Amino acid sequence: MEALVCKKLGDPTVPVSDENSPLIVSKREPVPQVDSPTAVRVRVKATSLNYANYLQILGKYQEKFPLPFIPGSDYSGTVDAVGPAVSNFRVGDRVCSFAASGSFAQFIVVDQSQLFPVPDGCDMMAAAALPVAFGTSHVALVHRAQLTSSHVLLVLGAAGGVGLSAVQIGKVSSATVIAVARGSEKVHFLKSLGVDHVVDSSKGSIIISVKDFLKARKLKGVDVLYDPVGGNLTKEALKLLNWGAQILVIGFASGEVPTIPANIALVKNWTVHGLYWGSYNIHRPLVLKDSLRELLSWAAKGLITSHISYTYSLSEASLAFSAIKDRKVVGKVMIVLDDKGTARSRL
């Protein structure tokens with residue numbers, strides 16, 4: 001089968017044809033076997049690129065994989081083969097899931113307990129883009145912060161994969177949503193989604209714009225901070241938080257891990273939630289599964305949408321990673337395995 005293989009750690013934006021690239025497109029990888037009675041082999045249709053995949057190949061992610069390995073996490077596809085004890089799926093069924101690695105390939109094998117049926121009305125590309133980004137935001141906002149219509153939600157990095165999912169889940173929860181993004185194109189896109197207030201961080205401090213909005217709405221401050229960015233944006237956002245606010249630490253796309261002053265957290269009764277979504281599969285798997293089932297039902301009903309900026313083939317993987325590195329993306333970047341066309345914009 002064809003697969004994208006990480007042979008060494010390095011910069012995945014280097015073209016795969018370059019000998020310095022850490023990645024190669026192998027056309028001779030063995031097709032994984034159905035290795036247990038409850039195993040299912042999936043023919044992958046589409047798989048999502050996440051910032052975590054970029055960090056994994058650089059060797060800067062918290063989880064390390066022995067070399068060589070096939071990167072990739074969330075995906076969708078059709079059931080290709082099943083073990084003799086599989087009762088939940090049949091060959092040809094539309095499914096989606098996520099894995100620690102391995103989805104940047106034509107086939108992947110997982111236990112049936114890890115698969116989710118893609119409901120009617122849900123696009124396969126959208127299903128592949130959903131698990132990690134929307135799953136992270138759903139667990140963070142619905143399970144941890146218990147977001148409601150009484151809350152003011154501030155989303156940093158709101159045009160990225162997890163940020164955009166947080167914005168949409170905020171609207172589904174009827175919260176007042178303030179979105180922060182960089183650049184006029186991203187700001188315009190967020191406004192088109194009906195976000196209550198959008199701030200362009202490229203124009204300086206976000207504080208004045210957010211405070212003006214809060215004052216106009218007669219709101220005291222921000223109740224929930226969703227932060228996949230870190231750095232200086234976090235420092236500014238902390239000045240906007242209410243007494244009793246909740247801080248959701250999602251990631252550090254800025255490259256700078258922020259400091260949250262414990263003395264201020266004490267005085268203002270803040271709650272700080274660290275959110276590493278992948279670990280839920282080990283420690284709270286039922287929470288994660290219930291979350292993804294609800295998200296797929298929302299997608300089928302049109303309540304949430306996976307916005308795809310670009311799609312690429314495996315051989316164009318360096319372009320896909322470059323789009324993420326250069327912050328060109330609104331929403332998601334996808335690799336499609338049944339379409340050998342060149343890079344395409346979906347927006």
# chains A, B, ... in the order shown; residues from 1 in each chain; ligands from 1

$ residues_around --residues "segment 162-166 of chain A" --least-positions-apart "6" --cutoff "7 Å" --atoms "only C-alpha atoms" --output "list in words"
Ala133, Phe134, Ser137, Val155, Leu156 and Gly331 of chain A

$ residues_around --residues "segment 307-311 of chain A" --least-positions-apart "3" --cutoff "12 Å" --atoms "only C-alpha atoms" --output "VMD selection string"
chain A and resid 45 to 49 123 125 to 130 133 to 134 159 to 165 168 186 189 to 190 193 299 304 314 to 317 319 to 324 327 to 347

$ closest_residue --among "A:Val272, A:Val172, A:Val5, A:Lys301" --to "His138 of chain A" --atoms "only C-alpha atoms"
A:Val172

$ residues_around --residues "Val224 of chain A" --least-positions-apart "2" --cutoff "6 Å" --atoms "only C-alpha atoms" --output "PyMOL selection string"
chain A and resi 153+222+245-247

$ residues_around --residues "Ser318 of chain A" --least-positions-apart "4" --cutoff "10 Å" --atoms "only C-alpha atoms" --output "mmCIF file with C-alpha atoms, in the first residue's frame"
data_model
loop_
_atom_site.group_PDB
_atom_site.id
_atom_site.type_symbol
_atom_site.label_atom_id
_atom_site.label_comp_id
_atom_site.auth_asym_id
_atom_site.auth_seq_id
_atom_site.Cartn_x
_atom_site.Cartn_y
_atom_site.Cartn_z
ATOM 1 C CA ASP A 11 11.135 19.609 9.136
ATOM 2 C CA PRO A 12 8.094 18.123 7.319
ATOM 3 C CA THR A 13 7.802 21.220 5.105
ATOM 4 C CA VAL A 14 10.864 20.042 3.128
ATOM 5 C CA PRO A 15 9.550 18.454 -0.125
ATOM 6 C CA VAL A 16 9.356 14.666 0.114
ATOM 7 C CA SER A 17 11.433 14.448 -3.082
ATOM 8 C CA SER A 21 13.087 15.488 4.026
ATOM 9 C CA LEU A 23 9.312 11.944 5.058
ATOM 10 C CA TYR A 312 -3.592 17.434 -0.755
ATOM 11 C CA LEU A 314 0.272 12.081 0.162
ATOM 12 C CA SER A 322 3.771 24.359 5.114
ATOM 13 C CA ALA A 323 0.200 25.670 5.136
#

$ residues_around --residues "segment 235-239 of chain A" --least-positions-apart "3" --cutoff "7 Å" --atoms "only C-alpha atoms" --output "list in words"
Ile207, Gly231 and Asn232 of chain A

$ write_last_selection --atoms "N, CA, C and O atoms" --output "PDB file, in the first residue's frame"
ATOM      1  N   ILE A 207      -7.201  44.041  24.155  1.00  0.00           N
ATOM      2  CA  ILE A 207      -7.906  44.409  25.381  1.00  0.00           C
ATOM      3  C   ILE A 207      -8.975  45.472  25.146  1.00  0.00           C
ATOM      4  O   ILE A 207     -10.129  45.312  25.576  1.00  0.00           O
ATOM      5  N   GLY A 231       1.642  32.477  24.913  1.00  0.00           N
ATOM      6  CA  GLY A 231       2.406  33.684  24.640  1.00  0.00           C
ATOM      7  C   GLY A 231       1.727  34.945  25.122  1.00  0.00           C
ATOM      8  O   GLY A 231       0.970  34.961  26.101  1.00  0.00           O
ATOM      9  N   ASN A 232       1.975  36.039  24.399  1.00  0.00           N
ATOM     10  CA  ASN A 232       1.486  37.346  24.811  1.00  0.00           C
ATOM     11  C   ASN A 232      -0.045  37.444  24.776  1.00  0.00           C
ATOM     12  O   ASN A 232      -0.647  38.177  25.582  1.00  0.00           O
TER      13      ASN A 232
END

$ residues_around --residues "Ser254 of chain A" --least-positions-apart "6" --cutoff "10 Å" --atoms "only C-alpha atoms" --output "ChimeraX atom specification"
/A:157,228-233

$ write_last_selection --atoms "C-alpha atoms" --output "PDB file, in the first residue's frame"
ATOM      1  CA  GLY A 157      -6.498  31.421  17.586  1.00  0.00           C
ATOM      2  CA  PRO A 228      -4.548  27.071  22.034  1.00  0.00           C
ATOM      3  CA  VAL A 229      -2.028  29.884  21.455  1.00  0.00           C
ATOM      4  CA  GLY A 230      -0.172  30.911  24.620  1.00  0.00           C
ATOM      5  CA  GLY A 231       2.406  33.684  24.640  1.00  0.00           C
ATOM      6  CA  ASN A 232       1.486  37.346  24.811  1.00  0.00           C
ATOM      7  CA  LEU A 233      -2.140  36.749  23.805  1.00  0.00           C
TER       8      LEU A 233
END

$ select_by_dssp --residues "segment 74-290 of chain A" --states "strand (DSSP E or B)" --output "ChimeraX atom specification"
/A:75-82,94-97,105,107-111,116-117,152-155,176-181,197-200,222-227,241-249,271-274

$ residues_around --residues "segment 93-97 of chain A" --least-positions-apart "3" --cutoff "12 Å" --atoms "only C-alpha atoms" --output "ChimeraX atom specification"
/A:40-48,72-82,88-90,100-103,108-132,135,281,288-289,292-293,296

$ atom_distance --atom1 "atom CA of Ala181 of chain A" --atom2 "atom CA of Ile208 of chain A"
15.2 Å
